[in-house]
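Printed here is data_27.txt (compact mmCIF, C-alpha atoms):
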```txt
# COMPACT_ATOMS: atom_id res chain seq x y z
CA MET A 17 27.55 -12.25 -15.64
CA PRO A 18 23.71 -12.61 -15.91
CA VAL A 19 23.37 -11.19 -12.39
CA THR A 20 25.57 -8.21 -13.24
CA THR A 21 23.58 -7.67 -16.43
CA ALA A 22 20.30 -7.81 -14.49
CA ILE A 23 21.55 -5.24 -11.98
CA LEU A 24 22.68 -3.00 -14.84
CA VAL A 25 19.22 -3.26 -16.44
CA VAL A 26 17.58 -2.41 -13.11
CA THR A 27 19.72 0.67 -12.45
CA ALA A 28 19.43 1.87 -16.04
CA THR A 29 15.63 1.53 -15.88
CA ILE A 30 15.43 3.52 -12.63
CA PHE A 31 17.60 6.27 -14.08
CA ALA A 32 15.63 6.34 -17.34
CA TRP A 33 12.36 6.54 -15.41
CA GLY A 34 13.72 9.51 -13.50
CA LEU A 35 14.41 11.27 -16.78
CA VAL A 36 11.02 10.79 -18.46
CA SER A 37 8.62 9.93 -15.61
CA ALA A 38 6.59 13.14 -15.78
CA ARG A 39 6.12 12.86 -19.54
CA LEU A 40 5.09 9.19 -19.37
CA GLN A 41 2.69 9.82 -16.48
CA ARG A 42 0.95 12.47 -18.54
CA ALA A 43 0.38 9.71 -21.10
CA ASP A 44 -1.09 7.46 -18.31
CA VAL A 45 2.00 5.22 -18.28
CA THR A 46 2.69 4.60 -14.59
CA ALA A 47 5.80 3.29 -12.86
CA PRO A 48 4.22 -0.10 -12.00
CA ILE A 49 3.37 -0.71 -15.67
CA VAL A 50 6.94 0.08 -16.75
CA PHE A 51 8.73 -1.88 -14.03
CA VAL A 52 6.50 -4.95 -14.25
CA ALA A 53 7.20 -5.01 -17.99
CA ILE A 54 10.96 -4.70 -17.45
CA GLY A 55 10.85 -7.47 -14.83
CA SER A 56 9.02 -9.74 -17.26
CA ILE A 57 11.63 -9.04 -19.94
CA ILE A 58 14.40 -9.90 -17.47
CA ALA A 59 12.67 -13.24 -16.79
CA VAL A 60 12.20 -13.98 -20.50
CA LEU A 61 15.89 -13.28 -21.17
CA GLY A 62 16.88 -15.64 -18.38
CA LEU A 63 18.88 -13.04 -16.46
CA VAL A 64 17.42 -14.25 -13.14
CA ASP A 65 16.23 -17.60 -11.87
CA PRO A 66 12.58 -17.21 -10.79
CA PHE A 67 12.87 -20.28 -8.53
CA THR A 68 15.79 -19.01 -6.41
CA ALA A 69 14.98 -15.30 -6.66
CA PRO A 70 12.31 -15.25 -3.90
CA GLU A 71 14.79 -16.33 -1.20
CA ARG A 72 17.42 -13.85 -2.38
CA LEU A 73 14.88 -11.04 -2.52
CA LYS A 74 13.38 -11.76 0.90
CA PRO A 75 15.26 -8.92 2.67
CA LEU A 76 14.15 -6.44 -0.01
CA VAL A 77 10.51 -7.53 0.15
CA GLU A 78 10.43 -7.37 3.95
CA LEU A 79 12.17 -3.99 4.04
CA THR A 80 9.71 -2.60 1.51
CA LEU A 81 6.71 -3.73 3.52
CA VAL A 82 8.20 -2.31 6.74
CA TRP A 83 8.80 1.12 5.23
CA VAL A 84 5.48 1.22 3.39
CA LEU A 85 3.47 0.24 6.48
CA PHE A 86 5.29 2.73 8.71
CA CYS A 87 5.12 5.52 6.14
CA ASP A 88 1.44 5.03 5.28
CA ALA A 89 0.45 4.93 8.94
CA ALA A 90 2.55 7.97 9.89
CA ARG A 91 0.97 10.10 7.16
CA VAL A 92 -2.54 9.66 8.59
CA ARG A 93 -3.00 11.14 12.05
CA VAL A 94 -6.10 11.06 14.24
CA SER A 95 -6.22 14.86 14.20
CA ASP A 96 -6.59 14.72 10.40
CA LEU A 97 -9.66 12.51 10.62
CA ARG A 98 -11.86 14.36 13.06
CA ARG A 99 -14.05 16.11 10.49
CA ASP A 100 -14.77 12.97 8.42
CA MET A 101 -13.99 10.18 10.88
CA GLY A 102 -17.43 8.59 10.45
CA ARG A 103 -16.85 7.85 6.78
CA ASP A 104 -13.30 6.66 7.32
CA VAL A 105 -14.37 4.33 10.12
CA ARG A 106 -17.19 2.95 7.99
CA LEU A 107 -14.88 2.15 5.08
CA LEU A 108 -12.23 0.56 7.30
CA GLY A 109 -14.47 -1.00 9.94
CA ILE A 110 -17.34 -2.20 7.74
CA GLY A 111 -16.28 -2.08 4.10
CA LEU A 112 -12.87 -3.69 4.59
CA PRO A 113 -14.08 -6.74 6.60
CA LEU A 114 -16.98 -7.25 4.18
CA SER A 115 -14.56 -7.10 1.26
CA VAL A 116 -12.31 -9.73 2.86
CA ALA A 117 -15.28 -11.99 3.66
CA LEU A 118 -16.79 -11.72 0.18
CA GLY A 119 -13.42 -12.25 -1.48
CA TRP A 120 -12.77 -15.28 0.75
CA VAL A 121 -16.05 -16.97 -0.22
CA LEU A 122 -15.57 -16.26 -3.93
CA ALA A 123 -11.97 -17.51 -3.86
CA LEU A 124 -13.01 -20.78 -2.23
CA TRP A 125 -15.79 -21.19 -4.75
CA LEU A 126 -14.07 -20.11 -7.96
CA VAL A 127 -10.29 -20.48 -7.80
CA PRO A 128 -8.99 -24.03 -8.17
CA GLY A 129 -6.28 -25.32 -5.82
CA LEU A 130 -7.16 -23.13 -2.84
CA ASP A 131 -7.94 -24.46 0.63
CA VAL A 132 -9.48 -22.35 3.39
CA TRP A 133 -6.18 -20.73 4.38
CA LEU A 134 -4.97 -19.93 0.87
CA ALA A 135 -8.38 -18.50 0.00
CA LEU A 136 -8.15 -16.26 3.08
CA LEU A 137 -4.66 -15.24 1.97
CA VAL A 138 -5.99 -14.21 -1.45
CA ALA A 139 -8.92 -12.27 0.00
CA ALA A 140 -6.86 -10.47 2.65
CA ALA A 141 -3.98 -9.68 0.29
CA LEU A 142 -6.35 -8.16 -2.27
CA ALA A 143 -8.36 -6.08 0.22
CA PRO A 144 -5.87 -3.16 0.55
CA THR A 145 -6.03 -0.36 -2.01
CA ASP A 146 -3.14 1.72 -3.31
CA ALA A 147 -4.02 5.35 -4.00
CA ALA A 148 -0.52 5.96 -5.36
CA LEU A 149 -1.54 4.06 -8.52
CA GLY A 150 -4.15 6.68 -9.36
CA VAL A 151 -2.30 9.97 -9.37
CA PRO A 152 -4.95 11.74 -11.52
CA VAL A 153 -7.63 10.99 -8.93
CA VAL A 154 -5.88 12.11 -5.76
CA THR A 155 -4.31 15.18 -7.38
CA ASN A 156 -7.26 16.43 -9.44
CA ARG A 157 -8.48 19.60 -7.71
CA ALA A 158 -11.87 19.22 -9.36
CA VAL A 159 -12.48 16.14 -7.20
CA PRO A 160 -13.74 17.31 -3.79
CA ALA A 161 -11.04 17.36 -1.13
CA ARG A 162 -13.13 15.19 1.20
CA VAL A 163 -13.37 12.48 -1.43
CA ARG A 164 -9.63 12.62 -2.12
CA ARG A 165 -8.93 12.43 1.63
CA LEU A 166 -11.36 9.52 2.04
CA ILE A 167 -9.54 7.55 -0.66
CA THR A 168 -6.12 8.50 0.74
CA VAL A 169 -6.94 7.64 4.35
CA GLU A 170 -8.41 4.29 3.36
CA SER A 171 -5.35 3.46 1.28
CA GLY A 172 -2.99 4.52 4.05
CA LEU A 173 -4.52 2.34 6.75
CA ASN A 174 -6.11 -0.71 5.16
CA ASP A 175 -2.81 -2.45 4.36
CA GLY A 176 -1.77 -2.39 8.01
CA ILE A 177 -5.20 -3.51 9.19
CA VAL A 178 -5.20 -6.64 7.00
CA THR A 179 -1.58 -7.55 7.72
CA PRO A 180 -2.57 -9.72 10.74
CA LEU A 181 -5.01 -11.65 8.54
CA VAL A 182 -2.33 -12.22 5.89
CA VAL A 183 0.13 -13.41 8.54
CA ALA A 184 -2.46 -15.74 10.07
CA ALA A 185 -3.39 -17.13 6.65
CA ILE A 186 0.23 -17.87 5.73
CA ALA A 187 0.80 -19.47 9.15
CA GLY A 188 -2.34 -21.58 8.79
CA ALA A 189 -1.39 -22.72 5.28
CA ALA A 190 2.13 -23.61 6.42
CA SER A 191 0.80 -25.53 9.42
CA ALA A 192 -1.72 -27.41 7.28
CA GLU A 193 1.07 -28.45 4.94
CA GLY A 194 3.31 -29.48 7.83
CA LEU A 195 6.11 -27.20 6.66
CA ALA A 196 9.18 -26.99 8.85
CA GLY A 197 9.07 -24.13 11.34
CA ALA A 198 5.31 -23.63 11.02
CA GLY A 199 4.00 -22.52 14.39
CA GLY A 200 0.29 -22.43 13.63
CA VAL A 201 -2.33 -19.74 14.00
CA GLY A 202 -2.11 -19.57 17.82
CA MET A 203 1.55 -18.62 17.72
CA ALA A 204 0.83 -16.10 14.94
CA VAL A 205 -1.79 -14.39 17.12
CA ALA A 206 0.68 -14.15 20.02
CA GLU A 207 3.30 -12.66 17.71
CA LEU A 208 0.77 -10.09 16.50
CA ALA A 209 -0.02 -9.00 20.05
CA ILE A 210 3.67 -8.59 20.88
CA GLY A 211 4.16 -6.64 17.67
CA VAL A 212 1.43 -4.17 18.60
CA VAL A 213 2.96 -3.50 22.03
CA VAL A 214 6.51 -3.12 20.73
CA GLY A 215 5.49 -0.97 17.76
CA VAL A 216 3.42 1.45 19.84
CA ALA A 217 6.14 1.75 22.49
CA LEU A 218 8.99 2.37 20.06
CA GLY A 219 7.00 4.53 17.64
CA PHE A 220 5.54 6.79 20.31
CA GLY A 221 8.81 6.95 22.22
CA GLY A 222 10.80 7.76 19.08
CA GLY A 223 8.32 10.42 17.97
CA ALA A 224 8.29 12.04 21.42
CA LEU A 225 12.09 12.04 21.61
CA LEU A 226 12.40 13.60 18.16
CA ARG A 227 9.89 16.29 19.07
CA TRP A 228 11.76 17.00 22.33
CA ALA A 229 15.12 17.20 20.53
CA ARG A 230 13.65 19.43 17.81
CA ARG A 231 12.33 21.93 20.35
CA ARG A 232 15.79 22.27 21.85
CA GLY A 233 17.56 22.59 18.52
CA TRP A 234 19.45 19.34 18.98
CA SER A 235 18.10 17.61 15.86
CA ALA A 236 19.73 18.59 12.54
CA GLU A 237 17.14 19.28 9.86
CA ASP A 238 18.98 17.29 7.19
CA PHE A 239 19.39 14.16 9.35
CA ALA A 240 15.97 13.88 10.99
CA GLY A 241 14.56 11.99 8.00
CA ILE A 242 17.30 9.38 8.23
CA ALA A 243 16.49 8.97 11.91
CA VAL A 244 12.83 8.28 11.10
CA LEU A 245 13.85 5.73 8.47
CA ALA A 246 15.98 3.97 11.09
CA LEU A 247 13.11 4.12 13.60
CA ALA A 248 10.87 2.21 11.18
CA ILE A 249 13.47 -0.55 10.87
CA GLY A 250 13.96 -0.47 14.64
CA CYS A 251 10.25 -1.13 15.24
CA TYR A 252 10.44 -4.19 12.98
CA LEU A 253 13.66 -5.59 14.41
CA GLY A 254 12.67 -4.81 18.00
CA ALA A 255 9.50 -6.86 17.64
CA VAL A 256 11.28 -9.74 15.92
CA ALA A 257 13.93 -9.80 18.67
CA VAL A 258 11.29 -10.51 21.34
CA GLY A 259 9.24 -12.94 19.28
CA GLY A 260 6.72 -10.50 17.85
CA ASN A 261 5.50 -9.74 14.35
CA GLY A 262 7.67 -7.05 12.84
CA PHE A 263 5.21 -5.92 10.17
CA VAL A 264 2.45 -5.19 12.65
CA ALA A 265 5.03 -3.42 14.81
CA ALA A 266 6.02 -1.23 11.85
CA PHE A 267 2.40 -0.25 11.18
CA CYS A 268 1.57 0.44 14.83
CA GLY A 269 4.89 2.25 15.20
CA GLY A 270 3.98 4.55 12.31
CA LEU A 271 0.61 5.36 13.86
CA ALA A 272 2.21 6.09 17.23
CA PHE A 273 5.00 8.15 15.66
CA GLY A 274 2.50 10.30 13.77
CA ALA A 275 0.61 10.94 17.00
CA ALA A 276 3.71 11.86 19.03
CA ALA A 277 6.05 13.66 16.61
CA GLY A 278 4.09 16.90 16.25
CA ARG A 279 3.41 19.12 13.25
CA ARG A 280 6.86 18.70 11.74
CA GLU A 281 6.39 14.94 11.40
CA ARG A 282 5.39 15.10 7.74
CA ALA A 283 8.52 17.00 6.73
CA GLU A 284 10.61 14.40 8.55
CA THR A 285 9.01 11.47 6.70
CA VAL A 286 9.85 12.78 3.22
CA PHE A 287 13.14 10.86 3.14
CA LEU A 288 11.31 7.71 4.26
CA GLU A 289 8.77 8.20 1.48
CA GLN A 290 11.55 8.55 -1.08
CA ALA A 291 13.36 5.46 0.19
CA SER A 292 10.17 3.40 0.19
CA GLY A 293 9.42 4.70 -3.30
CA LEU A 294 12.79 3.42 -4.54
CA VAL A 295 12.46 -0.06 -3.05
CA SER A 296 8.85 -0.26 -4.26
CA LEU A 297 10.11 0.11 -7.84
CA LEU A 298 12.38 -2.87 -7.24
CA VAL A 299 9.46 -4.87 -5.85
CA TRP A 300 7.35 -4.09 -8.92
CA MET A 301 10.21 -5.37 -11.03
CA ALA A 302 10.52 -8.47 -8.83
CA PHE A 303 6.81 -9.06 -9.36
CA GLY A 304 7.49 -9.00 -13.08
CA PHE A 305 10.18 -11.70 -13.06
CA ILE A 306 8.76 -13.89 -10.27
CA ALA A 307 4.96 -13.75 -10.40
CA VAL A 308 4.41 -13.14 -14.11
CA PRO A 309 6.12 -16.45 -15.09
CA ILE A 310 3.86 -18.23 -12.59
CA MET A 311 0.86 -16.57 -14.20
CA LEU A 312 2.04 -17.54 -17.68
CA ARG A 313 2.51 -21.19 -16.63
CA GLY A 314 -1.08 -21.49 -15.53
CA PRO A 315 -3.38 -18.94 -17.16
CA ASP A 316 -6.97 -19.80 -16.30
CA LEU A 317 -10.17 -18.07 -17.36
CA ILE A 318 -11.63 -18.71 -13.90
CA VAL A 319 -8.74 -16.79 -12.31
CA VAL A 320 -9.34 -13.88 -14.69
CA VAL A 321 -13.03 -13.91 -13.74
CA TYR A 322 -12.10 -13.83 -10.06
CA ALA A 323 -9.70 -10.94 -10.66
CA VAL A 324 -12.41 -8.91 -12.41
CA LEU A 325 -14.91 -9.68 -9.64
CA SER A 326 -12.33 -8.70 -7.01
CA LEU A 327 -11.88 -5.31 -8.65
CA THR A 328 -15.61 -4.70 -9.07
CA LEU A 329 -18.16 -6.64 -7.01
CA VAL A 330 -15.86 -7.54 -4.09
CA ARG A 331 -14.78 -3.91 -3.79
CA MET A 332 -17.82 -1.89 -4.82
CA LEU A 333 -20.60 -3.73 -2.98
CA PRO A 334 -18.94 -3.49 0.49
CA VAL A 335 -18.13 0.19 -0.14
CA ALA A 336 -21.75 0.90 -1.07
CA LEU A 337 -23.04 -0.89 2.03
CA ALA A 338 -20.51 0.82 4.30
CA LEU A 339 -21.38 4.31 3.05
CA ILE A 340 -25.14 4.01 3.47
CA GLY A 341 -26.36 6.89 5.59
CA THR A 342 -23.20 9.01 5.22
CA GLY A 343 -24.82 11.65 3.02
CA LEU A 344 -22.75 10.81 -0.06
CA ASP A 345 -24.68 10.70 -3.33
CA ARG A 346 -24.71 7.67 -5.60
CA ARG A 347 -22.18 9.19 -8.01
CA THR A 348 -19.64 9.64 -5.20
CA VAL A 349 -20.21 6.14 -3.81
CA LEU A 350 -19.63 4.62 -7.25
CA PHE A 351 -16.54 6.75 -7.76
CA VAL A 352 -15.00 5.70 -4.41
CA GLY A 353 -16.02 2.09 -5.04
CA TRP A 354 -14.40 1.92 -8.46
CA PHE A 355 -11.24 3.64 -7.38
CA GLY A 356 -9.79 0.76 -5.38
CA PRO A 357 -6.61 -0.17 -7.26
CA ARG A 358 -4.66 -3.15 -5.95
CA GLY A 359 -0.98 -2.42 -5.80
CA LEU A 360 2.20 -2.62 -3.81
CA ALA A 361 0.87 -4.13 -0.57
CA SER A 362 -0.97 -6.92 -2.41
CA LEU A 363 2.03 -8.03 -4.42
CA VAL A 364 4.36 -7.79 -1.39
CA PHE A 365 1.97 -10.12 0.46
CA ALA A 366 2.08 -12.47 -2.53
CA LEU A 367 5.90 -12.47 -2.59
CA LEU A 368 5.97 -13.15 1.17
CA ALA A 369 3.69 -16.14 0.58
CA VAL A 370 6.06 -17.45 -2.09
CA GLU A 371 8.97 -17.15 0.36
CA GLU A 372 7.15 -18.95 3.19
CA LEU A 373 5.15 -21.57 1.29
CA GLY A 374 7.13 -22.19 -1.89
CA PRO A 375 5.24 -23.81 -4.81
CA ARG A 376 2.27 -24.44 -2.49
CA ALA A 377 1.48 -20.75 -2.79
CA ASP A 378 1.31 -20.78 -6.61
CA PRO A 379 -2.53 -20.85 -6.90
CA ALA A 380 -2.82 -17.93 -4.49
CA VAL A 381 0.00 -16.01 -6.19
CA LEU A 382 -1.70 -16.61 -9.54
CA ALA A 383 -4.97 -15.10 -8.31
CA ILE A 384 -3.28 -12.17 -6.55
CA GLY A 385 -0.89 -11.52 -9.41
CA MET A 386 -3.62 -11.57 -12.05
CA THR A 387 -5.75 -9.14 -10.04
CA VAL A 388 -2.86 -6.75 -9.46
CA LEU A 389 -1.80 -6.88 -13.10
CA ILE A 390 -5.32 -6.13 -14.37
CA SER A 391 -5.67 -3.39 -11.76
CA VAL A 392 -2.37 -1.75 -12.72
CA LEU A 393 -3.51 -1.59 -16.32
CA ALA A 394 -7.18 -0.76 -15.79
CA HIS A 395 -6.81 1.80 -13.02
CA GLY A 396 -3.59 3.26 -14.38
CA ILE A 397 -5.10 3.94 -17.78
CA SER A 398 -8.64 4.85 -16.70
CA ALA A 399 -7.92 6.97 -13.61
CA ALA A 400 -7.89 10.36 -15.33
CA PRO A 401 -11.14 10.29 -17.38
CA PRO A 402 -13.45 9.25 -14.49
CA ALA A 403 -11.82 11.82 -12.21
CA VAL A 404 -12.38 14.59 -14.75
CA ARG A 405 -16.01 13.58 -15.41
CA TYR A 406 -16.77 13.20 -11.72
CA GLY A 407 -15.09 16.48 -10.85
CA ASN A 408 -17.00 18.33 -13.56
CA ALA A 409 -20.29 16.78 -12.41
CA VAL A 410 -19.63 17.78 -8.80
CA SER A 411 -18.64 21.31 -9.81
CA ALA A 412 -21.86 21.67 -11.79
CA HIS A 413 -23.84 21.05 -8.59
CA GLY A 414 -21.97 23.66 -6.53
CA THR A 415 -19.02 23.76 -4.15
CA GLU A 416 -18.26 21.43 -1.30
CA PRO A 417 -20.37 21.77 1.80
CA GLN A 418 -18.57 23.06 4.90
CA GLY A 419 -15.71 24.41 2.79
CA ALA A 420 -12.55 22.81 1.42
CA ILE A 421 -10.07 21.03 3.64
CA PRO A 422 -6.34 20.34 3.11
CA ASP A 423 -5.10 17.17 1.45
CA ILE A 424 -3.16 14.35 3.04
CA PRO A 425 0.05 13.53 1.10
CA VAL A 426 0.06 10.28 -0.84
CA ARG A 427 2.99 7.88 -0.80
CA GLY A 428 4.89 7.97 -4.06
CA LEU A 429 3.80 11.45 -5.11
CA PRO A 430 6.24 14.36 -5.31
CA ARG A 431 5.38 17.14 -2.90
CA ARG A 432 4.61 20.60 -4.18
CA ARG A 433 7.34 23.14 -3.89
CA GLU A 434 6.61 25.99 -1.56
CA THR A 435 6.97 28.50 -4.38
CA ASP A 436 4.26 26.74 -6.37
CA GLU A 437 1.88 26.90 -3.43
CA VAL A 438 2.60 30.60 -2.93
CA GLN A 439 1.83 31.31 -6.58
CA LYS A 440 -1.48 29.45 -6.36
CA THR A 441 -2.75 30.40 -2.95
CA GLY A 442 -0.59 33.31 -1.82
CA PRO A 443 1.81 33.30 1.09
CA THR A 444 0.76 31.22 4.08
CA PRO A 445 1.54 32.01 7.69
CA PRO A 446 4.12 29.83 9.45
CA PRO A 447 2.71 26.81 11.30
CA PRO A 448 2.12 27.24 15.01
CA PRO A 449 4.74 25.75 17.30
CA ASP A 450 4.40 22.18 18.54
```
Using structure tokens, write down the structure that the file contains.
Amino acid sequence: MPVTTAILVVTATIFAWGLVSARLQRADVTAPIVFVAIGSIIAVLGLVDPFTAPERLKPLVELTLVWVLFCDAARVRVSDLRRDMGRDVRLLGIGLPLSVALGWVLALWLVPGLDVWLALLVAAALAPTDAALGVPVVTNRAVPARVRRLITVESGLNDGIVTPLVVAAIAGAASAEGLAGAGGVGMAVAELAIGVVVGVALGFGGGALLRWARRRGWSAEDFAGIAVLALAIGCYLGAVAVGGNGFVAAFCGGLAFGAAAGRRERAETVFLEQASGLVSLLVWMAFGFIAVPIMLRGPDLIVVVYAVLSLTLVRMLPVALALIGTGLDRRTVLFVGWFGPRGLASLVFALLAVEELGPRADPAVLAIGMTVLISVLAHGISAAPPAVRYGNAVSAHGTEPQGAIPDIPVRGLPRRRETDEVQKTGPTPPPPPD
């Protein structure tokens, strides 16, 4: 009966959110805030067992990460980055590694109960950002399009880039503890390499086949999205079947699919975005009834200090260093540095650590969970005012140099209807053929 009651609460919450989501979002109440709170209530009422839930939820957590990695990677194509590739590469190639390194050192120094591997897990898991948590920033037209794209591209790719580090950290921690089935870091590296090969092959092949079938009219418009969703799972399972890492395969598969599928690729990933949005709500709720009790059992001021530093110093200093010489003014660098919310990828990594390491992962989960929780509240509530002030300040100094450029869609955001776009910008010509 408790399980049935919990499922009823979950489905009722999802339906209720669908009814009032727009109104609550206008009041800066985001889906993560609501679903984490509901998950915590479920735990308090004893409707689920937080000790057995991680194993039962393992398929859901893994599926969520697969779809999110594939979807985020597929949304960002190389052709979209050509005009601002220097800044994107700097954030991902300089800022991200510096953020991981700084977070690793601080975790070892500050957070009690962490060895080298668990500290690396914390730093790597908290490095990715989640632009979907800050809807007012990435949808505010007063914010320059290049800044919105910079934030969106970084968010879309950094989770996949740090996935190998997270996998290696979990493998190293398991090996150090002598847990059954732990293969060590060497085996993890080999699995990562296999995952890259399998993901690229399946993603590029699937995208090319879909493009070929579309040109010949073989692919039904209303089923193409389901095919892409299946392709994402196929990349994961194909890598696992040959001893590779399925998560890296999903990310590399998404990149390859976006490169091969042509201009219609974004329309065909809408169903995947919706599916990943649904399972992400369930993961936020799982975070509420699994990680929040862990946090309540061991609240520590030092962990709170680390969480605040992770959201400020560990994020903003590497961003500032990475963007030196890019032509961005100090106001823009501070804005991009502050807007680094920690979200879905971080908590999925934490739940994976709980599944693989058990109670040994509690100190790391405590640090990750506290950071995500503070970020959900701080960035969710404060996203709109800084965006408005920054946008007004930029507008006062003139328009964007080199003209405006189109946005990249953000996971979790509803897409504009075509009629809305026509009303705002006038009719647009049809896209050129593939």
Residue with smallest distance to Leu382 in chain A - pool A:Ala184, A:Ala265, A:Ala257, A:Leu134, counting all atoms listed in the file
A:Leu134
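Using only C-alpha atoms, the nearest neighbour of Arg72 in chain A within the list A:Ala302, A:Leu114, A:Met386, A:Val50 is A:Ala302.
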Leu297 in chain A environment, 10 Å, all atoms listed in the file, sequence neighbours closer than 5 positions dropped, as a PDB file with C-alpha atoms, in the frame of the given file:
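Printed below is out_1.pdb as written:
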```pdb
ATOM      1  CA  VAL A  26      17.580  -2.410 -13.110  1.00  0.00           C
ATOM      2  CA  THR A  29      15.630   1.530 -15.880  1.00  0.00           C
ATOM      3  CA  ILE A  30      15.430   3.520 -12.630  1.00  0.00           C
ATOM      4  CA  ALA A  47       5.800   3.290 -12.860  1.00  0.00           C
ATOM      5  CA  PRO A  48       4.220  -0.100 -12.000  1.00  0.00           C
ATOM      6  CA  VAL A  50       6.940   0.080 -16.750  1.00  0.00           C
ATOM      7  CA  PHE A  51       8.730  -1.880 -14.030  1.00  0.00           C
ATOM      8  CA  VAL A  52       6.500  -4.950 -14.250  1.00  0.00           C
ATOM      9  CA  THR A  80       9.710  -2.600   1.510  1.00  0.00           C
ATOM     10  CA  SER A 292      10.170   3.400   0.190  1.00  0.00           C
ATOM     11  CA  ALA A 302      10.520  -8.470  -8.830  1.00  0.00           C
ATOM     12  CA  PHE A 303       6.810  -9.060  -9.360  1.00  0.00           C
ATOM     13  CA  LEU A 360       2.200  -2.620  -3.810  1.00  0.00           C
TER      14      LEU A 360
END
```
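One distance worth recording is that between CA of Val64 in chain A and CA of Ala380 in chain A, which is 22.3 Å.
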Report as a PyMOL selection string all protein, DNA and RNA residues lying within 10 Å of Val127 in chain A, evaluated on only C-alpha atoms, omitting residues in the same chain fewer than 4 positions from it.
chain A and resi 122-123+131+135+138+316-323+379-380+382-383
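Minimum atom-to-atom distances from A:Ala217, A:Ala272, A:Val349, A:Ala139 to Thr387 in chain A were compared using all atoms listed in the file, and the lowest value belongs to A:Ala139.
Compared by their closest atoms to Pro334 in chain A, and using only C-alpha atoms, the residues A:Ser235, A:Ser115, A:Ser56, A:Thr46 rank with A:Ser115 nearest.
Interatomic distance, CA of Trp33 in chain A to CA of Gly55 in chain A: 14.1 Å.
Across the model, the gap from CA of Asp88 in chain A to CA of Gly172 in chain A is 4.6 Å.
Distance annotation: of A:Gly304, A:Pro113, A:Gly278, A:Gly129, the residue with the minimal separation from Ala338 in chain A is A:Pro113; atom set is all atoms listed in the file.
For Val364 in chain A, the residues within 9 Å (counting all atoms listed in the file, excluding itself and residues fewer than 4 positions away along the chain) are Val77, Glu78, Thr80, Leu81, Ala141, Val299, Trp300, Phe303, Gly359, Leu360, Leu368 and Ala369 of chain A.
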